[in-house]
file work-v3.cif (mmCIF, C-alpha atoms)
data_entry
loop_
_atom_site.label_atom_id
_atom_site.label_comp_id
_atom_site.auth_asym_id
_atom_site.auth_seq_id
_atom_site.Cartn_x
_atom_site.Cartn_y
_atom_site.Cartn_z
CA MET A 233 -107.42 20.14 -67.42
CA SER A 234 -108.08 18.94 -63.91
CA ASN A 235 -108.03 21.36 -61.01
CA ASP A 236 -106.86 18.73 -58.63
CA PRO A 237 -103.25 19.61 -57.88
CA ALA A 238 -102.39 16.00 -57.10
CA SER A 239 -103.26 14.81 -60.59
CA ALA A 240 -101.96 17.85 -62.50
CA PRO A 241 -98.70 17.15 -64.30
CA GLU A 242 -95.68 19.15 -63.21
CA PRO A 243 -94.56 21.97 -65.52
CA TRP A 244 -91.43 20.07 -66.57
CA GLU A 245 -93.55 17.13 -67.74
CA LEU A 246 -95.66 19.42 -69.93
CA MET A 247 -92.48 21.08 -71.20
CA GLN A 248 -90.89 17.75 -72.11
CA GLU A 249 -94.16 16.69 -73.82
CA ASN A 250 -94.27 19.91 -75.84
CA ILE A 251 -90.55 20.13 -76.46
CA GLU A 252 -91.00 20.61 -80.22
CA MET A 253 -93.36 23.52 -79.67
CA ILE A 254 -91.05 25.11 -77.11
CA SER A 255 -88.18 24.87 -79.61
CA GLY A 256 -90.15 26.20 -82.56
CA GLY A 257 -92.30 28.82 -80.88
CA VAL A 258 -89.67 31.49 -80.46
CA PRO A 259 -88.78 33.41 -83.67
CA TRP A 260 -85.23 34.28 -82.64
CA GLY A 261 -84.64 30.73 -81.42
CA ARG A 262 -85.86 29.49 -84.79
CA ARG A 263 -83.56 31.88 -86.67
CA MET A 264 -80.68 30.50 -84.64
CA ALA A 265 -81.90 26.98 -85.48
CA PHE A 266 -81.50 26.04 -81.85
CA ARG A 267 -83.62 23.27 -80.29
CA PHE A 268 -84.25 21.59 -76.98
CA THR A 269 -83.43 17.90 -76.84
CA ARG A 270 -84.54 16.97 -73.31
CA ILE A 271 -86.21 18.54 -70.31
CA GLU A 272 -86.34 17.20 -66.77
CA LYS A 273 -87.23 18.87 -63.50
CA GLY A 274 -84.69 21.68 -63.13
CA HIS A 275 -82.65 20.55 -66.14
CA ALA A 276 -82.63 21.32 -69.85
CA TRP A 277 -80.49 20.07 -72.74
CA GLY A 278 -80.26 21.52 -76.23
CA LEU A 279 -78.46 21.63 -79.51
CA GLN A 280 -77.15 24.68 -81.37
CA PRO A 281 -76.20 23.70 -84.93
CA TRP A 282 -73.42 25.50 -86.77
CA LYS A 283 -74.88 27.87 -89.38
CA GLU A 284 -73.11 30.16 -91.80
CA ARG A 285 -75.39 33.09 -90.85
CA LEU A 286 -74.38 32.86 -87.17
CA VAL A 287 -70.65 33.21 -87.79
CA GLY A 288 -68.88 35.96 -85.85
CA ASP A 289 -65.50 35.79 -87.52
CA PRO A 290 -65.63 35.28 -91.28
CA ASP A 291 -61.92 34.40 -91.37
CA THR A 292 -62.26 31.41 -89.05
CA GLY A 293 -65.93 30.52 -89.50
CA VAL A 294 -66.43 30.38 -85.73
CA ILE A 295 -69.93 31.10 -84.43
CA HIS A 296 -70.27 34.44 -82.63
CA GLY A 297 -70.26 34.48 -78.83
CA GLY A 298 -73.63 36.22 -78.94
CA VAL A 299 -75.20 33.02 -80.27
CA LEU A 300 -73.90 31.12 -77.25
CA THR A 301 -75.32 33.82 -75.00
CA ALA A 302 -78.79 33.39 -76.50
CA PHE A 303 -78.44 29.59 -76.44
CA LEU A 304 -77.39 29.41 -72.78
CA ASP A 305 -79.99 32.06 -71.84
CA ASN A 306 -82.74 29.94 -73.43
CA LEU A 307 -81.56 26.74 -71.82
CA SER A 308 -81.14 28.36 -68.41
CA GLY A 309 -84.59 29.97 -68.55
CA THR A 310 -86.12 26.62 -69.46
CA ALA A 311 -84.25 24.83 -66.68
CA ALA A 312 -85.55 27.52 -64.30
CA GLY A 313 -89.17 27.15 -65.47
CA SER A 314 -88.92 23.36 -65.28
CA ALA A 315 -87.76 23.52 -61.66
CA LEU A 316 -91.02 25.10 -60.49
CA SER A 317 -94.03 23.14 -59.31
CA LYS A 318 -96.50 25.57 -60.91
CA PRO A 319 -96.35 26.91 -64.48
CA ARG A 320 -94.76 30.35 -64.44
CA PHE A 321 -92.91 32.48 -66.92
CA VAL A 322 -89.42 33.41 -65.87
CA ALA A 323 -87.52 36.49 -67.06
CA THR A 324 -83.75 36.78 -67.17
CA LEU A 325 -82.52 39.13 -64.47
CA ASP A 326 -78.86 38.72 -65.27
CA LEU A 327 -76.61 36.31 -67.04
CA ARG A 328 -72.86 35.97 -66.88
CA ILE A 329 -70.98 34.16 -69.61
CA ASP A 330 -67.36 32.99 -69.47
CA TYR A 331 -65.74 32.05 -72.75
CA MET A 332 -63.27 29.21 -72.25
CA ARG A 333 -62.32 28.35 -75.82
CA PRO A 334 -63.67 29.11 -79.28
CA ALA A 335 -66.23 26.77 -80.78
CA GLU A 336 -65.02 24.86 -83.83
CA LYS A 337 -66.18 25.69 -87.32
CA GLY A 338 -68.91 23.46 -88.71
CA ARG A 339 -69.60 21.60 -85.46
CA ASP A 340 -72.84 21.50 -83.50
CA ILE A 341 -72.75 22.82 -79.95
CA ILE A 342 -74.36 20.90 -77.12
CA GLY A 343 -75.70 22.79 -74.13
CA GLU A 344 -77.08 21.87 -70.74
CA ALA A 345 -78.47 23.97 -67.94
CA GLU A 346 -79.52 23.30 -64.38
CA CYS A 347 -81.50 25.28 -61.91
CA TYR A 348 -79.71 24.61 -58.62
CA HIS A 349 -81.75 26.80 -56.31
CA THR A 350 -85.10 28.55 -56.24
CA THR A 351 -86.61 31.04 -53.83
CA ARG A 352 -90.13 32.47 -53.87
CA ASN A 353 -89.10 35.02 -56.50
CA ILE A 354 -85.82 33.90 -58.07
CA CYS A 355 -84.30 30.87 -59.84
CA PHE A 356 -80.53 30.46 -59.89
CA THR A 357 -78.99 28.59 -62.81
CA ARG A 358 -75.75 27.45 -64.34
CA ALA A 359 -75.12 26.20 -67.83
CA TRP A 360 -72.43 24.71 -70.06
CA ALA A 361 -71.80 24.66 -73.81
CA TYR A 362 -69.42 22.13 -75.41
CA HIS A 363 -68.87 19.93 -78.46
CA GLU A 364 -68.28 16.57 -76.76
CA SER A 365 -68.24 16.74 -73.01
CA ARG A 366 -68.17 19.13 -70.10
CA ASP A 367 -64.45 18.38 -69.69
CA LYS A 368 -63.80 20.54 -72.71
CA VAL A 369 -66.24 23.35 -72.26
CA ILE A 370 -66.64 26.22 -74.75
CA ALA A 371 -68.56 28.55 -72.46
CA THR A 372 -70.24 28.51 -69.07
CA ALA A 373 -73.08 30.67 -67.80
CA ALA A 374 -74.46 31.68 -64.41
CA GLY A 375 -77.90 33.22 -64.35
CA ALA A 376 -80.65 34.56 -62.13
CA PHE A 377 -84.25 34.53 -63.29
CA ALA A 378 -87.22 36.40 -61.85
CA ILE A 379 -90.33 34.27 -61.44
CA ASN A 380 -93.31 36.11 -62.89
CA LYS A 381 -96.71 36.25 -61.26
CA PRO A 382 -99.25 33.61 -62.28
CA ARG A 383 -100.67 34.02 -65.74
CA PRO A 384 -104.41 34.26 -66.36
CA ALA A 385 -105.79 30.79 -66.98
CA ASP A 386 -107.06 31.69 -70.47
CA SER A 387 -103.53 32.50 -71.63
CA MET A 388 -102.26 29.02 -70.90
CA GLY A 389 -101.33 26.89 -73.84
CA LYS A 390 -100.28 29.94 -75.86
CA ILE A 391 -96.60 29.63 -75.23
CA GLY A 392 -94.58 31.68 -77.70
CA MET B 255 -66.01 63.77 -94.27
CA LYS B 256 -62.96 65.59 -93.00
CA ASP B 257 -61.35 63.43 -90.43
CA GLU B 258 -57.74 62.56 -89.93
CA ASN B 259 -56.83 59.72 -92.21
CA THR B 260 -55.97 57.13 -89.58
CA LYS B 261 -59.25 57.64 -87.71
CA LEU B 262 -61.22 57.46 -90.91
CA SER B 263 -59.59 54.22 -91.95
CA ARG B 264 -60.26 52.65 -88.56
CA ALA B 265 -63.89 53.76 -88.74
CA ASP B 266 -64.06 52.10 -92.15
CA GLU B 267 -62.60 48.93 -90.69
CA VAL B 268 -65.30 48.92 -88.02
CA ARG B 269 -67.99 49.42 -90.67
CA ALA B 270 -66.43 46.63 -92.70
CA PHE B 271 -66.41 44.36 -89.63
CA ILE B 272 -70.17 44.85 -89.23
CA ALA B 273 -70.75 44.48 -92.97
CA ARG B 274 -68.84 41.22 -93.31
CA THR B 275 -69.82 39.52 -90.04
CA PRO B 276 -72.69 37.14 -90.84
CA LEU B 277 -74.33 37.39 -87.39
CA ALA B 278 -74.31 41.21 -87.49
CA GLN B 279 -75.94 41.07 -90.93
CA GLU B 280 -78.45 38.49 -89.76
CA MET B 281 -79.43 40.90 -86.99
CA GLY B 282 -79.60 43.82 -89.46
CA LEU B 283 -77.07 45.93 -87.52
CA ARG B 284 -75.97 49.38 -88.64
CA CYS B 285 -73.23 51.41 -87.03
CA GLU B 286 -72.68 55.12 -87.04
CA VAL B 287 -69.09 56.04 -86.26
CA MET B 288 -68.23 59.55 -85.12
CA GLY B 289 -64.51 59.84 -84.42
CA ASP B 290 -63.79 57.54 -81.50
CA GLU B 291 -67.48 57.19 -80.67
CA MET B 292 -70.02 54.90 -82.19
CA THR B 293 -73.73 54.13 -81.97
CA MET B 294 -75.05 50.78 -83.09
CA VAL B 295 -78.63 50.37 -84.30
CA MET B 296 -80.64 47.15 -84.42
CA PRO B 297 -83.76 47.93 -86.47
CA TYR B 298 -86.84 46.07 -85.28
CA GLN B 299 -87.56 42.86 -87.21
CA ASP B 300 -90.15 40.18 -86.40
CA LYS B 301 -87.49 37.48 -86.31
CA LEU B 302 -85.92 39.12 -83.23
CA ILE B 303 -88.97 38.33 -81.11
CA GLY B 304 -88.50 36.09 -78.09
CA ASN B 305 -92.03 36.16 -76.73
CA PHE B 306 -95.03 36.52 -79.05
CA MET B 307 -97.60 37.16 -76.35
CA ILE B 308 -95.92 40.29 -75.09
CA LYS B 309 -94.10 41.08 -78.39
CA ALA B 310 -90.76 41.34 -76.64
CA ILE B 311 -87.36 41.19 -78.34
CA HIS B 312 -85.39 38.08 -77.38
CA GLY B 313 -82.96 38.71 -74.51
CA GLY B 314 -80.34 36.65 -76.28
CA ALA B 315 -80.62 38.87 -79.36
CA ILE B 316 -80.16 41.97 -77.20
CA GLY B 317 -77.19 40.33 -75.46
CA ALA B 318 -75.59 39.54 -78.82
CA PHE B 319 -76.31 43.11 -79.96
CA LEU B 320 -74.48 44.54 -76.92
CA GLU B 321 -71.62 42.09 -77.32
CA LEU B 322 -71.15 43.12 -80.96
CA THR B 323 -71.41 46.80 -79.99
CA SER B 324 -68.71 46.40 -77.32
CA GLN B 325 -66.49 44.42 -79.66
CA ALA B 326 -66.81 47.10 -82.36
CA GLN B 327 -66.15 49.91 -79.86
CA VAL B 328 -62.97 48.27 -78.55
CA PHE B 329 -61.85 47.59 -82.12
CA LEU B 330 -62.46 51.26 -82.97
CA VAL B 331 -60.00 52.52 -80.37
CA THR B 332 -57.32 49.81 -80.53
CA GLU B 333 -55.30 50.70 -83.62
CA HIS B 334 -52.76 47.95 -82.90
CA LEU B 335 -55.34 45.15 -83.24
CA ALA B 336 -55.52 43.55 -86.65
CA ARG B 337 -58.84 41.89 -85.87
CA PRO B 338 -61.81 42.56 -83.62
CA PRO B 339 -61.03 41.56 -80.02
CA ARG B 340 -62.21 38.30 -78.45
CA PRO B 341 -64.40 38.42 -75.35
CA ILE B 342 -63.18 36.84 -72.09
CA ASN B 343 -66.45 37.13 -70.21
CA LEU B 344 -69.51 39.29 -69.91
CA THR B 345 -72.42 40.00 -67.61
CA ILE B 346 -75.78 41.10 -68.94
CA ASP B 347 -78.40 42.88 -66.82
CA TYR B 348 -81.89 42.75 -68.21
CA LEU B 349 -83.57 45.87 -66.83
CA ARG B 350 -86.64 46.38 -68.97
CA GLN B 351 -88.56 44.61 -71.64
CA GLY B 352 -87.34 45.23 -75.19
CA HIS B 353 -90.43 46.33 -77.13
CA ALA B 354 -91.08 45.79 -80.82
CA LYS B 355 -89.06 48.87 -81.83
CA ASP B 356 -85.54 49.77 -82.93
CA LEU B 357 -82.80 49.35 -80.33
CA TYR B 358 -79.74 51.58 -79.97
CA ALA B 359 -76.52 50.84 -78.14
CA ARG B 360 -73.31 52.49 -77.11
CA ALA B 361 -70.27 51.07 -75.36
CA GLU B 362 -67.70 52.82 -73.24
CA ILE B 363 -64.23 51.60 -72.33
CA THR B 364 -63.91 51.62 -68.54
CA LYS B 365 -60.26 50.64 -68.58
CA MET B 366 -57.87 49.93 -71.40
CA GLY B 367 -55.01 47.74 -70.28
CA ARG B 368 -52.13 46.25 -72.24
CA ARG B 369 -53.69 42.80 -72.47
CA MET B 370 -57.24 43.21 -71.21
CA CYS B 371 -59.88 45.84 -71.53
CA SER B 372 -63.01 46.45 -69.51
CA VAL B 373 -66.16 47.72 -71.24
CA ARG B 374 -69.67 48.79 -70.29
CA ALA B 375 -72.48 49.01 -72.80
CA GLU B 376 -76.13 50.05 -72.75
CA ALA B 377 -79.03 49.41 -75.07
CA TRP B 378 -82.07 51.65 -75.07
CA GLN B 379 -85.19 52.40 -77.10
CA ASP B 380 -87.22 55.58 -76.50
CA GLU B 381 -85.18 57.13 -73.74
CA ARG B 382 -81.46 56.90 -73.26
CA GLU B 383 -82.04 57.34 -69.52
CA LYS B 384 -84.12 54.17 -69.42
CA PRO B 385 -81.82 51.43 -70.64
CA VAL B 386 -83.40 48.14 -71.66
CA THR B 387 -80.26 46.10 -71.06
CA THR B 388 -76.73 46.79 -69.87
CA LEU B 389 -73.58 44.76 -70.30
CA MET B 390 -70.16 44.60 -68.68
CA ALA B 391 -67.46 42.73 -70.53
CA HIS B 392 -63.75 42.01 -70.70
CA PHE B 393 -61.92 41.62 -74.00
CA MET B 394 -58.41 40.46 -74.89
CA VAL B 395 -56.56 43.33 -76.55
CA ALA B 396 -53.03 41.88 -76.66
CA GLY B 397 -51.69 42.28 -80.21
CA ASP B 398 -51.69 39.21 -82.46
#

call {"tool": "encode", "arguments": {"input": "work-v3.cif", "output": "structure tokens"}}
result
Amino acid sequence: MSNDPASAPEPWELMQENIEMISGGVPWGRRMAFRFTRIEKGHAWGLQPWKERLVGDPDTGVIHGGVLTAFLDNLSGTAAGSALSKPRFVATLDLRIDYMRPAEKGRDIIGEAECYHTTRNICFTRAWAYHESRDKVIATAAGAFAINKPRPADSMGKIG
Amino acid sequence: MKDENTKLSRADEVRAFIARTPLAQEMGLRCEVMGDEMTMVMPYQDKLIGNFMIKAIHGGAIGAFLELTSQAQVFLVTEHLARPPRPINLTIDYLRQGHAKDLYARAEITKMGRRMCSVRAEAWQDEREKPVTTLMAHFMVAGD
């Protein structure tokens, strides 16, 4: 890795390059079978497949709201990390979820998150979950993430 | 178990809700119902990890845990509801890291209305006074 800041890739570029590893490196994310599909600076997209084990209402087969919370939390955190110009971990400070309509049984859920503002210490995010388009949203999220202090150089590359 | 019959049956319904909800089972949840109070337990399991390097439980798993706890608590005290209530919205505050240990949670109804209900919940590990995560939520409680 070069120490020259001009030639160093931005965090979001590394994240997009390692998108498979970011998706697979988190045990709870893996249990939920959730994955990232695309990462750009300050933006993240993902897919949450329908799974029997994630159902919250056995009578309707609808996925539990808690799965959407984890999904939108993950996406928002990634959008926050991808907005920064240096690699930093971010930690969820708070997250608000509004449930607009139930997800449909057996259908994958698409999610997208954007980081619309950053300060020295905090990233502010919003996120959407839907089946087809943002016109018919299942849930929205607003989050704030604390930017952690730089990590020791020898810990880099050990994400998750 | 000497409780009044109606309370006991509602407690059983709450236990049954946890037992037959796939996500609750996936998370290994157990609930202990005492009259109109309830404590939910999420035993530590490796699959709940969100960050390997610091061995922290995934925030989303803790959020789901608190949401299920609140839902079960509202269900416990709303005899007129045939099914567990649906959430309208919720806010989660992540206060401390969730370590690789069991988590406990309790929820309290702040206000029970005719259609909506406001709930607060807390999850903790070693000390009740040091919550790991708190949640505020609204649920629909209008009868079906």

call {"tool": "residues_near_point", "arguments": {"input": "work-v3.cif", "point": "(-88.8, 34.8, -68.8)", "cutoff": "9 Å", "atoms": "all atoms listed in the file", "output": "list in words"}}
result
Gly309, Thr310, Gly313, Arg320, Phe321, Val322, Ala323, Thr324, Leu325, Phe377, Ala378, Ile379 and Asn380 of chain A; Asn305 of chain B

call {"tool": "residues_around", "arguments": {"input": "work-v3.cif", "residues": "Ala311 of chain A", "least_positions_apart": "2", "cutoff": "8 Å", "atoms": "only C-alpha atoms", "output": "list in words"}}
result
Ile271, Glu272, Lys273, Gly274, His275, Ala276, Leu307, Ser308, Gly309, Gly313, Ser314, Ala315, Ala345, Glu346, Cys347 and Thr357 of chain A

call {"tool": "resolve_selection", "arguments": {"input": "work-v3.cif", "expression": "the PyMOL selection byres ((chain B) within 9 of (chain A))", "output": "PyMOL selection string"}}
result
chain B and resi 271+274-280+300-307+311-322+338+340-349

call {"tool": "atom_distance", "arguments": {"input": "work-v3.cif", "atom1": "atom CA of Pro385 of chain B", "atom2": "atom CA of Tyr358 of chain B"}}
result
9.6 Å

call {"tool": "atom_distance", "arguments": {"input": "work-v3.cif", "atom1": "atom CA of His353 of chain B", "atom2": "atom CA of Arg382 of chain B"}}
result
14.4 Å

call {"tool": "residues_around", "arguments": {"input": "work-v3.cif", "residues": "Met296 of chain B", "least_positions_apart": "3", "cutoff": "6 Å", "atoms": "only C-alpha atoms", "output": "JSON, numbers by chain"}}
result
{"B": [283, 356, 357]}

call {"tool": "closest_residue", "arguments": {"input": "work-v3.cif", "among": "B:Gly367, B:Arg337, B:Val287, B:Gln379", "to": "Ala354 of chain B", "atoms": "all atoms listed in the file"}}
result
B:Gln379

call {"tool": "resolve_selection", "arguments": {"input": "work-v3.cif", "expression": "the PyMOL selection byres ((chain B and resi 331) around 10)", "output": "PyMOL selection string"}}
result
chain B and resi 261+264-265+268+289-291+326-330+332-335+363+366

call {"tool": "atom_distance", "arguments": {"input": "work-v3.cif", "atom1": "atom CA of Tyr298 of chain B", "atom2": "atom CA of Gln351 of chain B"}}
result
13.8 Å
